[in-house]
file protein_29.txt (compact mmCIF, C-alpha atoms and all ligand atoms)
# COMPACT_ATOMS: atom_id res chain seq x y z
CA MET A 425 0.29 -24.29 -30.63
CA LEU A 426 0.08 -21.58 -27.98
CA ALA A 427 -2.19 -22.35 -25.03
CA ILE A 428 -3.43 -19.83 -22.51
CA ILE A 429 -4.69 -20.83 -19.10
CA GLY A 430 -6.98 -18.19 -17.72
CA GLY A 431 -6.89 -17.52 -14.01
CA ALA A 432 -9.19 -15.79 -11.58
CA GLY A 433 -10.86 -12.93 -13.39
CA ALA A 434 -9.78 -14.22 -16.79
CA ALA A 435 -12.29 -16.99 -17.43
CA SER A 436 -12.66 -15.55 -20.89
CA LEU A 437 -10.38 -13.49 -23.07
CA THR A 438 -11.54 -10.42 -24.93
CA GLY A 439 -10.37 -10.67 -28.50
CA LEU A 440 -10.49 -14.44 -28.57
CA SER A 441 -12.86 -15.63 -31.25
CA VAL A 442 -14.18 -19.01 -30.25
CA GLN A 443 -14.18 -21.59 -33.02
CA GLN A 444 -14.82 -24.75 -31.08
CA ARG A 445 -15.54 -25.87 -27.54
CA LEU A 446 -14.07 -29.26 -26.98
CA ILE A 447 -14.90 -31.65 -24.17
CA VAL A 448 -11.73 -33.66 -23.64
CA ARG A 449 -11.73 -36.89 -21.70
CA THR A 450 -8.47 -37.71 -20.01
CA PRO A 451 -7.08 -40.68 -18.07
CA TYR A 452 -7.07 -38.33 -15.06
CA GLY A 453 -10.69 -37.26 -15.14
CA GLU A 454 -12.30 -34.05 -16.20
CA PRO A 455 -10.49 -30.81 -17.00
CA SER A 456 -11.86 -27.60 -15.51
CA GLY A 457 -14.14 -27.23 -18.52
CA PRO A 458 -14.23 -27.57 -22.27
CA LEU A 459 -11.09 -26.48 -24.09
CA ILE A 460 -11.65 -23.55 -26.34
CA ILE A 461 -10.04 -23.63 -29.72
CA GLY A 462 -10.04 -20.11 -30.99
CA GLU A 463 -8.24 -17.39 -32.80
CA LEU A 464 -6.35 -14.57 -31.18
CA ALA A 465 -4.87 -11.95 -33.49
CA GLY A 466 -5.16 -14.30 -36.45
CA ARG A 467 -3.46 -17.25 -34.84
CA SER A 468 -4.97 -20.45 -33.48
CA VAL A 469 -4.77 -20.77 -29.73
CA LEU A 470 -6.10 -23.07 -27.06
CA PHE A 471 -7.74 -21.55 -24.01
CA LEU A 472 -8.80 -23.10 -20.75
CA ALA A 473 -10.29 -21.40 -17.70
CA ARG A 474 -8.44 -22.90 -14.75
CA HIS A 475 -11.26 -22.36 -12.24
CA GLY A 476 -14.00 -23.34 -14.69
CA TYR A 477 -16.00 -20.93 -16.82
CA GLY A 478 -18.27 -20.03 -13.91
CA HIS A 479 -15.26 -19.63 -11.60
CA THR A 480 -16.41 -22.36 -9.25
CA ILE A 481 -13.37 -24.62 -8.82
CA LEU A 482 -11.16 -23.76 -5.85
CA PRO A 483 -7.37 -23.91 -6.30
CA HIS A 484 -6.92 -27.13 -4.29
CA ARG A 485 -9.74 -28.83 -6.21
CA ILE A 486 -8.50 -28.08 -9.71
CA ASN A 487 -7.70 -31.20 -11.71
CA TYR A 488 -4.29 -29.95 -12.83
CA ARG A 489 -3.35 -33.26 -14.42
CA ALA A 490 -6.47 -33.37 -16.57
CA ASN A 491 -5.98 -29.72 -17.60
CA ILE A 492 -2.36 -30.14 -18.67
CA TRP A 493 -2.97 -33.51 -20.28
CA ALA A 494 -5.91 -32.12 -22.29
CA LEU A 495 -3.89 -29.14 -23.51
CA ALA A 496 -0.98 -31.36 -24.54
CA GLU A 497 -3.27 -33.80 -26.30
CA GLN A 498 -4.85 -30.99 -28.29
CA GLY A 499 -1.47 -29.84 -29.56
CA ALA A 500 -0.25 -27.26 -27.07
CA THR A 501 3.50 -26.77 -27.16
CA ARG A 502 3.75 -23.49 -25.26
CA VAL A 503 1.62 -22.47 -22.29
CA VAL A 504 1.15 -19.01 -20.85
CA ALA A 505 -0.57 -19.39 -17.50
CA LEU A 506 -2.28 -16.24 -16.26
CA ALA A 507 -2.34 -15.97 -12.49
CA SER A 508 -3.35 -13.52 -9.80
CA VAL A 509 -0.91 -13.10 -6.95
CA GLY A 510 -0.51 -11.13 -3.76
CA GLY A 511 2.52 -8.87 -3.75
CA ILE A 512 5.13 -9.38 -1.02
CA LYS A 513 8.06 -7.43 -2.45
CA PRO A 514 7.46 -3.65 -2.34
CA SER A 515 7.81 -3.33 -6.11
CA LEU A 516 4.97 -5.81 -6.70
CA ARG A 517 2.18 -3.47 -5.69
CA PRO A 518 -1.35 -4.22 -6.91
CA GLY A 519 -1.64 -3.72 -10.64
CA VAL A 520 1.94 -4.73 -11.48
CA LEU A 521 2.48 -7.44 -14.10
CA VAL A 522 5.31 -9.85 -13.31
CA LEU A 523 6.96 -12.83 -14.93
CA PRO A 524 8.22 -15.03 -12.09
CA ASP A 525 11.41 -16.99 -12.70
CA GLN A 526 11.35 -19.27 -9.65
CA LEU A 527 8.86 -20.85 -7.34
CA ILE A 528 8.54 -22.43 -3.93
CA ASP A 529 5.84 -25.02 -3.38
CA TYR A 530 3.95 -24.96 -0.06
CA THR A 531 0.99 -26.98 -1.31
CA TRP A 532 0.09 -30.45 -0.07
CA GLY A 533 -2.15 -33.28 -1.12
CA ARG A 534 -2.30 -32.32 -4.78
CA GLN A 535 -1.57 -34.84 -7.52
CA GLN A 536 1.94 -33.75 -8.51
CA THR A 537 2.95 -36.14 -11.28
CA PHE A 538 1.90 -38.12 -14.31
CA PHE A 539 4.52 -40.74 -13.43
CA ASP A 540 2.53 -42.27 -10.64
CA GLY A 541 3.33 -45.89 -10.17
CA GLY A 542 2.02 -48.81 -12.16
CA ASP A 543 4.66 -50.11 -14.52
CA GLN A 544 6.09 -46.67 -15.24
CA ALA A 545 9.78 -46.13 -14.68
CA ILE A 546 10.50 -43.80 -11.77
CA THR A 547 11.10 -40.36 -13.23
CA HIS A 548 12.59 -37.36 -11.43
CA VAL A 549 11.99 -34.48 -13.75
CA ASP A 550 14.53 -31.64 -13.72
CA PHE A 551 12.91 -28.56 -12.25
CA THR A 552 15.90 -26.34 -11.52
CA GLU A 553 14.36 -23.66 -13.71
CA PRO A 554 10.60 -24.15 -13.31
CA TYR A 555 9.67 -21.70 -16.05
CA ASP A 556 10.70 -22.07 -19.67
CA GLY A 557 13.37 -19.56 -20.71
CA ALA A 558 12.29 -19.20 -24.34
CA ILE A 559 8.63 -18.40 -23.68
CA ARG A 560 9.68 -16.04 -20.86
CA SER A 561 11.98 -14.18 -23.26
CA GLU A 562 9.23 -14.03 -25.84
CA LEU A 563 6.83 -12.49 -23.32
CA LEU A 564 9.44 -9.92 -22.29
CA ARG A 565 9.98 -9.06 -25.94
CA ALA A 566 6.22 -8.80 -26.53
CA ALA A 567 5.84 -6.55 -23.48
CA ALA A 568 8.68 -4.28 -24.64
CA GLN A 569 7.19 -4.11 -28.13
CA THR A 570 3.80 -3.07 -26.74
CA ARG A 571 5.39 -0.80 -24.11
CA VAL A 572 3.65 -2.60 -21.28
CA PRO A 573 5.77 -2.63 -18.11
CA LEU A 574 6.47 -6.23 -17.09
CA VAL A 575 8.70 -7.09 -14.13
CA ASP A 576 11.29 -9.66 -15.15
CA GLY A 577 11.73 -12.28 -12.45
CA GLY A 578 10.55 -13.01 -8.96
CA VAL A 579 9.92 -15.98 -6.72
CA TYR A 580 6.34 -17.24 -6.68
CA ALA A 581 5.28 -18.93 -3.44
CA CYS A 582 2.46 -21.36 -4.09
CA VAL A 583 0.26 -21.87 -1.05
CA GLN A 584 -2.55 -24.32 -0.53
CA GLY A 585 -5.41 -21.93 0.10
CA PRO A 586 -8.22 -21.41 -0.27
CA ARG A 587 -7.83 -19.19 2.74
CA LEU A 588 -5.41 -16.32 2.61
CA GLU A 589 -2.26 -16.31 4.72
CA THR A 590 -1.60 -14.98 8.18
CA ALA A 591 0.79 -12.07 8.50
CA ALA A 592 3.30 -14.42 10.19
CA GLU A 593 3.06 -16.86 7.32
CA ILE A 594 3.82 -14.09 4.85
CA ARG A 595 6.80 -13.00 7.01
CA LYS A 596 8.08 -16.60 6.89
CA ILE A 597 7.46 -16.91 3.16
CA ARG A 598 9.30 -13.64 2.62
CA ARG A 599 12.25 -14.91 4.69
CA ASP A 600 12.23 -18.00 2.49
CA GLY A 601 12.88 -15.68 -0.43
CA ALA A 602 9.49 -15.32 -2.08
CA ASP A 603 8.32 -12.12 -3.77
CA MET A 604 4.70 -12.97 -4.48
CA VAL A 605 2.13 -15.49 -3.31
CA GLY A 606 -0.55 -17.39 -5.20
CA MET A 607 -2.40 -20.70 -5.11
CA THR A 608 -2.18 -22.31 -8.54
CA ALA A 609 1.39 -22.43 -9.90
CA MET A 610 1.85 -25.89 -8.44
CA PRO A 611 1.48 -28.56 -9.58
CA GLU A 612 0.54 -26.89 -12.88
CA ALA A 613 4.13 -25.90 -13.69
CA VAL A 614 5.69 -29.27 -12.93
CA LEU A 615 3.02 -31.21 -14.80
CA ALA A 616 3.66 -29.01 -17.84
CA ARG A 617 7.37 -29.81 -17.50
CA GLU A 618 6.61 -33.53 -17.34
CA MET A 619 4.65 -33.14 -20.58
CA ASN A 620 7.52 -31.19 -22.20
CA LEU A 621 5.40 -28.07 -22.58
CA ALA A 622 7.18 -24.72 -22.57
CA TYR A 623 5.35 -23.17 -19.63
CA THR A 624 5.46 -19.82 -17.96
CA THR A 625 3.29 -17.89 -15.55
CA LEU A 626 2.28 -14.35 -16.41
CA ALA A 627 1.20 -12.98 -13.06
CA ILE A 628 -0.64 -9.90 -11.97
CA SER A 629 -0.44 -8.58 -8.45
CA VAL A 630 -4.02 -7.96 -7.36
CA ASN A 631 -3.44 -7.22 -3.68
CA TRP A 632 -0.72 -6.82 -1.07
CA ALA A 633 -0.08 -10.10 0.72
CA ALA A 634 -1.31 -10.31 4.33
CA GLY A 635 0.41 -7.83 6.61
CA VAL A 636 2.31 -6.16 3.78
CA ALA A 637 1.84 -2.44 3.28
CA LYS A 638 -1.83 -1.58 3.35
CA SER A 639 -3.19 -5.12 3.22
CA ARG A 640 -6.44 -5.79 4.97
CA MET A 641 -7.64 -8.99 6.58
CA GLU A 642 -9.00 -10.38 3.35
CA VAL A 643 -8.61 -9.75 -0.33
CA SER A 644 -11.67 -7.90 -1.33
CA GLN A 645 -12.90 -9.74 -4.38
CA LEU A 646 -14.09 -6.41 -5.63
CA ASP A 647 -10.67 -4.76 -5.34
CA ALA A 648 -8.98 -7.70 -7.02
CA ALA A 649 -11.57 -7.66 -9.79
CA VAL A 650 -11.10 -3.92 -10.29
CA VAL A 651 -7.32 -4.29 -10.54
CA LEU A 652 -7.67 -7.17 -12.97
CA GLU A 653 -10.14 -5.35 -15.14
CA ARG A 654 -7.93 -2.29 -15.24
CA ARG A 655 -4.87 -4.28 -16.33
CA MET A 656 -6.63 -6.69 -18.68
CA PRO A 657 -6.03 -4.56 -21.81
CA ASP A 658 -2.29 -4.53 -21.10
CA LEU A 659 -2.23 -8.26 -20.39
CA LEU A 660 -4.05 -8.84 -23.66
CA ALA A 661 -1.69 -6.57 -25.55
CA ILE A 662 1.22 -8.75 -24.43
CA LEU A 663 -0.60 -11.94 -25.41
CA LEU A 664 -1.49 -10.51 -28.81
CA ALA A 665 2.13 -9.60 -29.51
CA ILE A 666 3.53 -13.06 -28.80
CA GLU A 667 5.19 -14.51 -31.90
N1 LIG A 701 -2.44 -14.96 -1.26
C1 LIG A 701 -2.56 -16.12 -1.94
N2 LIG A 701 -3.03 -16.19 -3.17
C2 LIG A 701 -3.39 -15.04 -3.77
C3 LIG A 701 -3.30 -13.80 -3.13
C4 LIG A 701 -2.80 -13.77 -1.80
O1 LIG A 701 -2.69 -12.71 -1.17
N3 LIG A 701 -3.76 -12.87 -4.00
C5 LIG A 701 -4.11 -13.53 -5.14
N4 LIG A 701 -3.88 -14.84 -5.01

call {"tool": "encode", "arguments": {"input": "protein_29.txt", "output": "structure tokens"}}
result
Amino acid sequence: MLAIIGGAGAASLTGLSVQQRLIVRTPYGEPSGPLIIGELAGRSVLFLARHGYGHTILPHRINYRANIWALAEQGATRVVALASVGGIKPSLRPGVLVLPDQLIDYTWGRQQTFFDGGDQAITHVDFTEPYDGAIRSELLRAAAQTRVPLVDGGVYACVQGPRLETAAEIRKIRRDGADMVGMTAMPEAVLAREMNLAYTTLAISVNWAAGVAKSRMEVSQLDAAVVLERRMPDLLAILLAIE
């Protein structure tokens, strides 16, 4: 089953008819909220709001393990993770939709694995390609079909947050090879890989990263919300066209 993780500004999905709200208990504690089992364009999907339905859970406090475990347990096989990012590369100006193909992890202190000691064999999961090729291709196809411009590829830098970066940090991250910056791709992506879920991020640039182009000292929540709201119909169109 297709699962959608909603990010900032996407705690609910227009067009999703809710059939059931499911409180899932996991060995890792509580997910961000009840899982929604619903229907999107006539197909059953799972939906989970990453930051909670009231948008109260900060990126470093999200229980990524519980979220991914709950989705897997409820039958998810493919996961499209919606995410807001700051654009570093000039082409990723606010409003642009982008499908990253690589990531760099700058987070710390987050629970990164399900294989965490006890009597479990040590497992080093392959993460050369952090995003699943098949679901990426399907999203690109869906975007082409619906004529929604979607940038194919880019390096997502995952920072700890919750504060935004300094201009020097963004210069460093850019030198490292990153094109966009966000706070939630990790450990979400690697946990999905450990669970054998076909996972990809569908990102939307909601601001310029610090010191890039016209960026200001902080992301105005209002600006980000306006950008998100403006692009939501296109994001939805892509999701609806997924086969
Ligand atoms: N930095 C980090 N995370 C973000 C940003 C940003 O500029 N915009 C949206 N998520």

call {"tool": "residues_near_ligand", "arguments": {"input": "protein_29.txt", "ligand": "ligand LIG 701 (chain A)", "cutoff": "9 Å", "atoms": "all atoms listed in the file", "output": "PyMOL selection string"}}
result
chain A and resi 432+507-512+581-589+594+604-608+628-634+639+642-643+648

call {"tool": "residues_around", "arguments": {"input": "protein_29.txt", "residues": "Ala616 in chain A", "least_positions_apart": "3", "cutoff": "10 Å", "atoms": "all atoms listed in the file", "output": "list in words"}}
result
Tyr488, Arg489, Asn491, Ile492, Trp493, Leu495, Ala496, Thr501, Arg502, Val503, Thr537, Phe538, Pro554, Tyr555, Pro611, Glu612, Ala613, Met619, Asn620, Leu621, Ala622, Tyr623 and Thr624 of chain A

call {"tool": "atom_distance", "arguments": {"input": "protein_29.txt", "atom1": "CA of Phe471 in chain A", "atom2": "CA of Leu659 in chain A"}}
result
14.8 Å

call {"tool": "residues_around", "arguments": {"input": "protein_29.txt", "residues": "Leu663 in chain A", "least_positions_apart": "5", "cutoff": "12 Å", "atoms": "all atoms listed in the file", "output": "short mmCIF file (atom, residue, chain, number, x, y, z; two decimals) with C-alpha atoms, keeping the file's coordinate frame"}}
result
data_model
loop_
_atom_site.label_atom_id
_atom_site.label_comp_id
_atom_site.auth_asym_id
_atom_site.auth_seq_id
_atom_site.Cartn_x
_atom_site.Cartn_y
_atom_site.Cartn_z
CA LEU A 426 0.08 -21.58 -27.98
CA ALA A 427 -2.19 -22.35 -25.03
CA ILE A 428 -3.43 -19.83 -22.51
CA ILE A 429 -4.69 -20.83 -19.10
CA GLY A 430 -6.98 -18.19 -17.72
CA LEU A 437 -10.38 -13.49 -23.07
CA THR A 438 -11.54 -10.42 -24.93
CA GLY A 439 -10.37 -10.67 -28.50
CA LEU A 440 -10.49 -14.44 -28.57
CA GLU A 463 -8.24 -17.39 -32.80
CA LEU A 464 -6.35 -14.57 -31.18
CA ALA A 465 -4.87 -11.95 -33.49
CA ARG A 467 -3.46 -17.25 -34.84
CA VAL A 469 -4.77 -20.77 -29.73
CA VAL A 503 1.62 -22.47 -22.29
CA VAL A 504 1.15 -19.01 -20.85
CA ALA A 505 -0.57 -19.39 -17.50
CA LEU A 506 -2.28 -16.24 -16.26
CA ILE A 559 8.63 -18.40 -23.68
CA ARG A 560 9.68 -16.04 -20.86
CA GLU A 562 9.23 -14.03 -25.84
CA LEU A 563 6.83 -12.49 -23.32
CA LEU A 564 9.44 -9.92 -22.29
CA ARG A 565 9.98 -9.06 -25.94
CA ALA A 566 6.22 -8.80 -26.53
CA ALA A 567 5.84 -6.55 -23.48
CA GLN A 569 7.19 -4.11 -28.13
CA THR A 570 3.80 -3.07 -26.74
CA VAL A 572 3.65 -2.60 -21.28
CA LEU A 626 2.28 -14.35 -16.41
CA MET A 656 -6.63 -6.69 -18.68
CA PRO A 657 -6.03 -4.56 -21.81
CA ASP A 658 -2.29 -4.53 -21.10
#

call {"tool": "closest_residue", "arguments": {"input": "protein_29.txt", "among": "A:Glu553, A:Glu667, A:Asp525, A:Glu618", "to": "Asp540 in chain A", "atoms": "all atoms listed in the file"}}
result
A:Glu618

call {"tool": "residues_around", "arguments": {"input": "protein_29.txt", "residues": "Val522 in chain A", "least_positions_apart": "6", "cutoff": "7 Å", "atoms": "all atoms listed in the file", "output": "list of chain:residue names"}}
result
A:Leu574, A:Val575, A:Asp576, A:Gly577, A:Leu626, A:Ala627, A:Ile628

call {"tool": "closest_residue", "arguments": {"input": "protein_29.txt", "among": "A:Leu664, A:Leu516, A:Val650, A:Ile447", "to": "Ser468 in chain A", "atoms": "all atoms listed in the file"}}
result
A:Leu664

call {"tool": "residues_around", "arguments": {"input": "protein_29.txt", "residues": "Tyr477 in chain A", "least_positions_apart": "5", "cutoff": "9 Å", "atoms": "all atoms listed in the file", "output": "tab-separated table (two decimals) with C-alpha atoms, in the frame of the given file"}}
result
chain	number	residue	atom	x	y	z
A	435	ALA	CA	-12.29	-16.99	-17.43
A	436	SER	CA	-12.66	-15.55	-20.89
A	456	SER	CA	-11.86	-27.60	-15.51
A	457	GLY	CA	-14.14	-27.23	-18.52
A	458	PRO	CA	-14.23	-27.57	-22.27
A	472	LEU	CA	-8.80	-23.10	-20.75

call {"tool": "atom_distance", "arguments": {"input": "protein_29.txt", "atom1": "CA of Gly453 in chain A", "atom2": "CA of Ala490 in chain A"}}
result
5.9 Å

call {"tool": "closest_residue", "arguments": {"input": "protein_29.txt", "among": "A:Ala494, A:Ile597, A:Ile546, A:Ala637", "to": "Arg517 in chain A", "atoms": "all atoms listed in the file"}}
result
A:Ala637

call {"tool": "residues_around", "arguments": {"input": "protein_29.txt", "residues": "Asp600 in chain A", "least_positions_apart": "4", "cutoff": "9 Å", "atoms": "all atoms listed in the file", "output": "VMD selection string"}}
result
chain A and resid 528 595 to 596

call {"tool": "atom_distance", "arguments": {"input": "protein_29.txt", "atom1": "CA of Leu459 in chain A", "atom2": "CA of Gln443 in chain A"}}
result
10.6 Å

call {"tool": "closest_residue", "arguments": {"input": "protein_29.txt", "among": "A:Pro455, A:Arg571, A:Ile662, A:Arg654", "to": "Gly519 in chain A", "atoms": "all atoms listed in the file"}}
result
A:Arg654

call {"tool": "closest_residue", "arguments": {"input": "protein_29.txt", "among": "A:Pro514, A:Gly462, A:Gly499, A:Gly578", "to": "Gln444 in chain A", "atoms": "all atoms listed in the file"}}
result
A:Gly462
